[in-house]
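Chemist: So here's run01.csv (CSV, C-alpha atoms).
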```
chain,number,residue,atom,x,y,z
A,273,MET,CA,-127.7,36.1,-56.9
A,274,GLU,CA,-128.6,32.9,-58.5
A,275,ARG,CA,-128.4,30.0,-56.0
A,276,TYR,CA,-126.8,26.6,-56.7
A,277,GLY,CA,-129.9,25.1,-58.3
A,278,LEU,CA,-133.2,23.5,-57.5
A,279,GLY,CA,-132.0,20.1,-58.6
A,280,VAL,CA,-129.5,19.9,-55.7
A,281,MET,CA,-132.2,20.7,-53.2
A,282,LEU,CA,-134.6,18.2,-54.8
A,283,TYR,CA,-132.0,15.4,-54.6
A,284,SER,CA,-131.2,16.4,-51.0
A,285,PHE,CA,-134.8,15.7,-50.1
A,286,LEU,CA,-134.6,12.4,-51.9
A,287,ASN,CA,-131.4,11.4,-50.2
A,288,GLU,CA,-132.1,12.6,-46.7
A,289,GLU,CA,-135.9,12.3,-46.1
A,290,GLU,CA,-137.7,9.1,-45.2
A,291,ILE,CA,-139.3,7.4,-48.2
A,292,ASP,CA,-142.8,7.9,-46.7
A,293,SER,CA,-142.3,11.6,-45.8
A,294,PRO,CA,-144.2,14.3,-47.7
A,295,ASN,CA,-141.0,16.1,-48.7
A,296,TYR,CA,-139.6,12.9,-50.3
A,297,THR,CA,-142.9,12.3,-52.1
A,298,ILE,CA,-143.1,15.9,-53.5
A,299,ALA,CA,-139.4,15.9,-54.6
A,300,LYS,CA,-139.8,12.5,-56.3
A,301,TYR,CA,-142.9,13.6,-58.2
A,302,ILE,CA,-141.2,16.8,-59.4
A,303,LEU,CA,-138.2,14.9,-60.7
A,304,GLU,CA,-140.3,12.4,-62.5
A,305,ASN,CA,-142.7,14.9,-64.0
A,306,MET,CA,-140.6,18.0,-64.9
A,307,ASP,CA,-142.4,18.6,-68.2
A,308,SER,CA,-146.0,18.8,-66.9
A,309,ILE,CA,-145.8,20.7,-63.6
A,310,HIS,CA,-146.0,24.1,-65.2
A,311,ALA,CA,-149.6,23.3,-66.1
A,312,TYR,CA,-150.8,22.6,-62.6
A,313,SER,CA,-152.3,24.8,-60.0
A,314,ILE,CA,-151.0,24.3,-56.5
A,315,LYS,CA,-154.2,22.4,-55.6
A,316,GLU,CA,-153.8,20.1,-58.6
A,317,PHE,CA,-150.2,19.5,-57.8
A,318,ALA,CA,-151.0,18.7,-54.2
A,319,GLU,CA,-153.6,16.2,-55.3
A,320,LYS,CA,-151.1,14.6,-57.7
A,321,CYS,CA,-148.7,14.2,-54.7
A,322,ASN,CA,-151.5,13.1,-52.3
A,323,VAL,CA,-150.5,15.9,-49.9
A,324,SER,CA,-152.2,19.0,-48.7
A,325,VAL,CA,-151.8,22.5,-50.2
A,326,ALA,CA,-150.2,23.6,-46.9
A,327,THR,CA,-147.6,20.8,-47.2
A,328,VAL,CA,-146.7,22.0,-50.7
A,329,ARG,CA,-146.2,25.6,-49.4
A,330,ARG,CA,-144.0,24.3,-46.6
A,331,PHE,CA,-142.0,22.3,-49.1
A,332,CYS,CA,-141.4,25.3,-51.3
A,333,ARG,CA,-140.2,27.4,-48.3
A,334,LYS,CA,-137.8,24.6,-47.2
A,335,ALA,CA,-136.5,24.5,-50.7
A,336,GLY,CA,-135.6,28.2,-50.4
A,337,LEU,CA,-138.5,29.4,-52.7
A,338,GLU,CA,-141.2,32.0,-52.0
A,339,ASN,CA,-144.1,29.9,-53.2
A,340,PHE,CA,-145.3,27.3,-55.7
A,341,PHE,CA,-145.3,29.8,-58.5
A,342,GLU,CA,-141.6,30.3,-58.1
A,343,LEU,CA,-141.1,26.6,-58.2
A,344,LYS,CA,-143.0,26.3,-61.5
A,345,THR,CA,-141.1,29.3,-62.9
A,346,LYS,CA,-137.7,27.8,-62.1
A,347,ILE,CA,-138.7,24.5,-63.8
A,348,TYR,CA,-140.2,26.2,-66.8
A,349,ASN,CA,-137.2,28.5,-67.3
A,350,ASN,CA,-134.8,25.6,-67.2
A,351,HIS,CA,-133.0,26.6,-64.1
A,352,PHE,CA,-133.0,22.9,-63.4
A,353,THR,CA,-133.6,20.1,-65.9
A,354,SER,CA,-133.5,16.4,-65.6
A,355,ARG,CA,-132.1,16.0,-69.2
A,356,PRO,CA,-128.4,15.2,-69.6
A,357,GLU,CA,-126.3,18.3,-70.4
A,358,TYR,CA,-123.0,16.7,-71.1
A,359,ASP,CA,-121.6,16.5,-74.6
A,360,PHE,CA,-121.6,13.0,-76.2
A,361,HIS,CA,-120.6,14.1,-79.7
A,362,ARG,CA,-116.9,13.7,-79.1
A,363,PHE,CA,-117.2,9.9,-78.8
A,364,SER,CA,-120.6,9.0,-80.2
A,365,ASP,CA,-120.5,9.8,-83.9
A,366,GLY,CA,-121.9,6.4,-84.8
A,367,GLU,CA,-118.9,5.3,-86.8
A,368,THR,CA,-116.5,4.5,-84.0
A,369,ASP,CA,-117.0,1.8,-81.3
A,370,LEU,CA,-118.5,3.8,-78.4
A,371,CYS,CA,-116.6,2.1,-75.6
A,372,ARG,CA,-113.2,2.5,-77.3
A,373,ALA,CA,-113.9,6.1,-78.3
A,374,TYR,CA,-115.1,7.0,-74.7
A,375,LEU,CA,-111.9,5.4,-73.2
A,376,ASP,CA,-109.7,7.2,-75.7
A,377,ALA,CA,-111.3,10.5,-74.6
A,378,VAL,CA,-110.8,9.6,-71.0
A,379,MET,CA,-107.1,8.9,-71.6
A,380,GLU,CA,-106.7,12.2,-73.4
A,381,ASN,CA,-108.3,14.1,-70.5
A,382,VAL,CA,-106.1,12.3,-68.0
A,383,ARG,CA,-103.0,13.3,-70.0
A,384,ILE,CA,-104.1,16.9,-70.1
A,385,LEU,CA,-104.9,16.9,-66.4
A,386,ARG,CA,-101.4,15.4,-65.6
A,387,ASP,CA,-99.6,18.2,-67.6
A,388,ALA,CA,-101.7,21.0,-66.2
A,389,LEU,CA,-101.8,20.4,-62.5
A,390,ASP,CA,-100.2,22.9,-60.1
A,391,GLN,CA,-98.1,20.6,-58.0
A,392,GLU,CA,-97.1,23.4,-55.6
A,393,VAL,CA,-100.7,24.0,-54.6
A,394,LEU,CA,-101.4,20.3,-54.2
A,395,ALA,CA,-98.3,19.9,-52.0
A,396,GLU,CA,-99.5,22.8,-49.8
A,397,LEU,CA,-102.9,21.2,-49.5
A,398,VAL,CA,-101.3,17.9,-48.4
A,399,ASP,CA,-99.3,19.7,-45.7
A,400,ASP,CA,-102.3,21.6,-44.5
A,401,LEU,CA,-104.2,18.3,-44.3
A,402,HIS,CA,-101.6,17.1,-41.8
A,403,ARG,CA,-101.4,20.4,-39.9
A,404,TYR,CA,-105.0,21.3,-39.4
A,405,PRO,CA,-107.0,19.7,-36.5
A,406,ARG,CA,-110.3,19.7,-38.3
A,407,ILE,CA,-110.9,18.9,-42.0
A,408,GLY,CA,-114.1,19.3,-44.0
A,409,ALA,CA,-114.7,18.3,-47.6
A,410,PHE,CA,-117.9,19.4,-49.4
A,411,GLY,CA,-119.6,19.5,-52.8
A,412,ALA,CA,-123.0,19.1,-54.4
A,413,MET,CA,-124.4,16.2,-56.4
A,414,HIS,CA,-121.4,14.4,-58.0
A,415,MET,CA,-119.0,16.4,-56.0
A,416,GLU,CA,-120.5,15.2,-52.7
A,417,ASN,CA,-119.5,11.7,-53.8
A,418,THR,CA,-116.0,12.9,-54.6
A,419,ALA,CA,-115.8,14.4,-51.0
A,420,ARG,CA,-117.0,11.1,-49.6
A,421,SER,CA,-114.3,9.1,-51.6
A,422,LEU,CA,-111.7,11.5,-50.2
A,423,GLN,CA,-113.0,10.8,-46.7
A,424,SER,CA,-112.7,7.1,-47.2
A,425,ASP,CA,-109.2,7.2,-48.8
A,426,LEU,CA,-107.8,9.4,-46.0
A,427,PHE,CA,-109.4,7.3,-43.3
A,428,ARG,CA,-107.0,4.5,-44.4
A,429,CYS,CA,-104.3,7.1,-43.7
A,430,ARG,CA,-105.7,7.6,-40.2
A,431,LYS,CA,-106.7,11.2,-41.2
A,432,ILE,CA,-110.3,12.1,-40.4
A,433,VAL,CA,-112.3,14.2,-42.9
A,434,ASN,CA,-115.8,15.5,-42.0
A,435,ILE,CA,-118.4,15.5,-44.7
A,436,ARG,CA,-122.1,16.3,-44.5
A,437,SER,CA,-124.9,15.0,-46.8
A,438,GLY,CA,-127.0,17.7,-48.5
A,439,LEU,CA,-126.3,21.4,-48.9
A,440,PRO,CA,-128.3,22.6,-45.8
A,441,ARG,CA,-126.1,20.5,-43.4
A,442,GLN,CA,-123.0,21.5,-45.3
A,443,MET,CA,-123.9,25.2,-44.9
A,444,ASP,CA,-124.4,24.7,-41.2
A,445,TYR,CA,-120.9,23.1,-40.9
A,446,LEU,CA,-119.3,26.0,-42.8
A,447,ARG,CA,-121.1,28.6,-40.8
A,448,ALA,CA,-119.6,27.1,-37.6
A,449,ALA,CA,-116.1,26.8,-39.0
A,450,THR,CA,-113.2,28.7,-37.4
A,451,GLU,CA,-109.5,29.2,-38.0
A,452,GLN,CA,-109.0,25.6,-36.8
A,453,ASP,CA,-110.8,24.3,-39.9
A,454,LEU,CA,-109.4,23.3,-43.3
A,455,ILE,CA,-112.2,23.2,-45.9
A,456,ILE,CA,-111.9,21.5,-49.3
A,457,ILE,CA,-114.7,22.4,-51.7
A,458,PHE,CA,-115.2,20.5,-55.0
A,459,SER,CA,-117.1,22.6,-57.5
A,460,LEU,CA,-116.4,22.3,-61.2
A,461,SER,CA,-118.3,25.5,-62.1
A,462,GLY,CA,-117.7,27.4,-58.9
A,463,SER,CA,-121.5,27.5,-58.2
A,464,TYR,CA,-121.0,26.2,-54.7
A,465,LEU,CA,-119.6,29.6,-53.8
A,466,ARG,CA,-122.8,31.3,-54.9
A,467,GLU,CA,-124.6,29.1,-52.5
A,468,MET,CA,-122.4,30.3,-49.7
A,469,GLN,CA,-123.0,33.9,-50.7
A,470,GLY,CA,-126.7,33.2,-50.8
A,471,GLU,CA,-126.5,31.9,-47.2
A,472,ALA,CA,-124.5,35.0,-46.2
A,473,ILE,CA,-121.8,32.8,-44.8
A,474,ASP,CA,-118.9,34.9,-43.5
A,475,TRP,CA,-116.4,34.8,-40.7
A,476,PRO,CA,-114.5,37.3,-38.5
A,477,PRO,CA,-111.1,38.2,-40.1
A,478,HIS,CA,-109.0,36.3,-37.6
A,479,HIS,CA,-111.3,33.3,-37.4
A,480,ARG,CA,-111.6,32.3,-41.0
A,481,PRO,CA,-111.2,28.7,-42.0
A,482,LYS,CA,-108.7,28.0,-44.8
A,483,ILE,CA,-110.6,27.1,-47.9
A,484,TYR,CA,-109.2,25.2,-50.9
A,485,LEU,CA,-111.4,25.4,-54.0
A,486,ILE,CA,-111.0,22.6,-56.6
A,487,THR,CA,-112.7,23.9,-59.8
A,488,GLY,CA,-112.6,24.3,-63.5
A,489,ASN,CA,-113.7,28.0,-63.3
A,490,PRO,CA,-110.7,30.4,-63.0
A,491,LYS,CA,-113.0,33.3,-62.0
A,492,ALA,CA,-114.1,31.4,-58.9
A,493,ALA,CA,-110.6,31.9,-57.5
A,494,SER,CA,-111.4,35.5,-56.8
A,495,PHE,CA,-114.1,34.6,-54.3
A,496,PRO,CA,-113.0,36.4,-51.0
A,497,ALA,CA,-113.2,33.3,-48.8
A,498,VAL,CA,-111.0,31.1,-51.0
A,499,ALA,CA,-107.4,30.9,-49.9
A,500,ARG,CA,-106.0,28.6,-52.6
A,501,THR,CA,-107.4,27.2,-55.8
A,502,VAL,CA,-106.6,23.9,-57.6
A,503,LEU,CA,-107.6,24.8,-61.2
A,504,LEU,CA,-108.6,22.0,-63.5
A,505,PRO,CA,-108.1,22.3,-67.3
A,506,LEU,CA,-111.7,22.6,-68.5
A,507,THR,CA,-111.0,21.3,-72.1
A,508,HIS,CA,-114.3,19.6,-72.6
A,509,HIS,CA,-117.6,19.3,-70.7
A,510,ASP,CA,-118.6,15.7,-71.2
A,511,PHE,CA,-118.9,12.3,-69.6
A,512,ALA,CA,-115.2,11.6,-70.3
A,513,ASN,CA,-114.0,14.2,-67.8
A,514,HIS,CA,-116.8,14.9,-65.3
A,515,PRO,CA,-116.7,13.9,-62.5
A,516,LEU,CA,-113.6,11.8,-63.4
A,517,GLU,CA,-111.1,14.7,-63.1
A,518,MET,CA,-112.4,15.6,-59.6
A,519,ASN,CA,-112.2,12.0,-58.5
A,520,LEU,CA,-108.6,11.8,-59.7
A,521,ILE,CA,-107.7,14.9,-57.8
A,522,GLY,CA,-109.1,13.4,-54.6
A,523,SER,CA,-107.0,10.2,-55.3
A,524,ILE,CA,-103.9,12.2,-56.0
A,525,ILE,CA,-104.3,14.1,-52.7
A,526,SER,CA,-104.7,10.8,-50.8
A,527,VAL,CA,-101.7,9.2,-52.5
A,528,GLN,CA,-99.5,12.2,-51.8
A,529,TYR,CA,-100.6,12.4,-48.2
A,530,TYR,CA,-99.8,8.7,-47.7
A,531,ASN,CA,-96.5,9.0,-49.3
A,532,LYS,CA,-95.4,12.0,-47.2
A,533,TYR,CA,-97.0,11.4,-43.8
A,534,VAL,CA,-97.9,7.7,-43.5
A,535,LYS,CA,-95.6,5.5,-45.6
A,536,PRO,CA,-93.0,3.9,-43.3
```
Now that the file is in, can you turn its structure into structure tokens?
Modeler:
Amino acid sequence: MERYGLGVMLYSFLNEEEIDSPNYTIAKYILENMDSIHAYSIKEFAEKCNVSVATVRRFCRKAGLENFFELKTKIYNNHFTSRPEYDFHRFSDGETDLCRAYLDAVMENVRILRDALDQEVLAELVDDLHRYPRIGAFGAMHMENTARSLQSDLFRCRKIVNIRSGLPRQMDYLRAATEQDLIIIFSLSGSYLREMQGEAIDWPPHHRPKIYLITGNPKAASFPAVARTVLLPLTHHDFANHPLEMNLIGSIISVQYYNKYVKP
């Protein structure tokens, strides 16, 4: 099954490795030279990065790839691209002030989100936040930042939320989770669940953590490990709603938690 994406792993190296480490150097070179790597042999690539061929092979294995050829194939076949994929057309037609058009689109998306949210599921999530002894919040790329914001907001409510930087450490946390854990996963497309499947993460029937998935993909709700789903109205896929909607959900959760369990 297709894993979450090479880009997530590359940015994990960038964010977690020391700046002078070989893995950081290789990941940074790949991200800056996506269009030319397909033409290199492994030896040429190693020379460009000023590392050994053996180091390149170790990097590929750590990234979950069989070899350098698979790395080149993934890049060439656009499994990951450094080019923006979000749609600008809705607010960049050249005739309207871009700032105003963008903010108009944001307000439209916020209104749609307000009217579509399942308040019952959110209320259950807030109650579970209070009830469970251990809370984890996870996501990749933008969604990791959303999890971090939720952690910060709930800290002010004296509720501790565990996060982990990078998918490998997140997978380790999930693998060790039990029925004492509440897990909140932010994944607009639901691809995070494919990463879990790829890692073969599973739990004994009576020791499963309770997992809330916040997503725009209704099909992701059928994933066996997911207990409850907060489904976002995926009306557009552009800069006016992603990751804004996810960030708003995190803020709504925090406000509701404060209002019910903290407010004097």
Chemist: Between A:Asn519, A:Asn322, A:Thr450, A:Ser463, which has the minimum distance to Pro477 (chain A) (counting all atoms listed in the file)?
Modeler: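 Going through A:Asn519, A:Asn322, A:Thr450, A:Ser463 one by one, the smallest distance to Pro477 (chain A) is for A:Thr450.
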Chemist: Report as a list in words all protein, DNA and RNA residues lying within 10 Å of Lys315 (chain A), evaluated on only C-alpha atoms, omitting residues in the same chain fewer than 5 positions from it.
Modeler: Lys320, Cys321, Val323, Ser324, Val325, Ala326 and Val328 of chain A
Chemist: Could the residues in this selection be written to a file with C-alpha atoms, as a PDB file, in the coordinates of the input?
Modeler:
```pdb
ATOM      1  CA  LYS A 320    -151.100  14.600 -57.700  1.00  0.00           C
ATOM      2  CA  CYS A 321    -148.700  14.200 -54.700  1.00  0.00           C
ATOM      3  CA  VAL A 323    -150.500  15.900 -49.900  1.00  0.00           C
ATOM      4  CA  SER A 324    -152.200  19.000 -48.700  1.00  0.00           C
ATOM      5  CA  VAL A 325    -151.800  22.500 -50.200  1.00  0.00           C
ATOM      6  CA  ALA A 326    -150.200  23.600 -46.900  1.00  0.00           C
ATOM      7  CA  VAL A 328    -146.700  22.000 -50.700  1.00  0.00           C
TER       8      VAL A 328
END
```
Chemist: Each residue of region 434-514 of chain A with at least one atom at most 12 Å from region 414-417 of chain A should appear once, together with its nearest atom pair and the corresponding distance in Å (one decimal); atoms considered: only C-alpha atoms; ordering: chain, then increasing residue number; output as a tab-separated table.
Modeler:
```
residue	atom	partner	partner_atom	distance
A:Asn434	CA	A:Glu416	CA	11.7
A:Ile435	CA	A:Glu416	CA	8.3
A:Arg436	CA	A:Glu416	CA	8.4
A:Ser437	CA	A:Glu416	CA	7.4
A:Gly438	CA	A:Glu416	CA	8.1
A:Leu439	CA	A:Glu416	CA	9.3
A:Gln442	CA	A:Glu416	CA	10.0
A:Ile456	CA	A:Met415	CA	11.0
A:Ile457	CA	A:Met415	CA	8.5
A:Phe458	CA	A:Met415	CA	5.7
A:Ser459	CA	A:Met415	CA	6.7
A:Leu460	CA	A:Met415	CA	8.3
A:Ser461	CA	A:Met415	CA	11.0
A:Gly462	CA	A:Met415	CA	11.4
A:Ser463	CA	A:Met415	CA	11.6
A:Tyr464	CA	A:Met415	CA	10.1
A:Leu485	CA	A:Met415	CA	11.9
A:Ile486	CA	A:Met415	CA	10.1
A:Thr487	CA	A:Met415	CA	10.5
A:His514	CA	A:His414	CA	8.6
```
Chemist: Let me make sure I understand: among A:Lys300, A:Lys482, A:His310, A:Lys491, which one has the smallest atom-to-atom distance to Ala409 (chain A) if we use all atoms listed in the file?
Modeler: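 Of A:Lys300, A:Lys482, A:His310, A:Lys491, the one nearest Ala409 (chain A) is A:Lys482, counting all atoms listed in the file.
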Chemist: Skipping near chain neighbours, those fewer than 3 positions away, what residues fall within 8 Å of Ala388 (chain A) using only C-alpha atoms, listed as a PDB file with C-alpha atoms, in the coordinates of the input?
Modeler:
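The resulting file, around.pdb, is shown below:
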```pdb
ATOM      1  CA  ILE A 384    -104.100  16.900 -70.100  1.00  0.00           C
ATOM      2  CA  LEU A 385    -104.900  16.900 -66.400  1.00  0.00           C
ATOM      3  CA  LEU A 504    -108.600  22.000 -63.500  1.00  0.00           C
ATOM      4  CA  PRO A 505    -108.100  22.300 -67.300  1.00  0.00           C
TER       5      PRO A 505
END
```
Chemist: My list of candidates is A:Ala335, A:Val378, A:Leu426, A:Ile309. Which is closest to Tyr348 (chain A) when distances are computed with all atoms listed in the file?
Modeler: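 Between A:Ala335, A:Val378, A:Leu426, A:Ile309, the residue approaching Tyr348 (chain A) most closely is A:Ile309.
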Chemist: Kindly give the distance, in Å, that separates CA of Tyr533 (chain A) and CA of Asn381 (chain A), rounded to a single decimal.
Modeler: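 Computing it gives 29.1 Å between the two atoms.
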Chemist: Could you state the separation of CA of Thr501 (chain A) and CA of Asp376 (chain A) in Å, given to one decimal place?
Modeler: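 It comes out at 28.3 Å.
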Chemist: Here is a test: counting only C-alpha atoms, which residue of A:Leu337, A:Val398, A:Ala377, A:Ala472 is nearest to Ile521 (chain A)?
Modeler: A:Val398
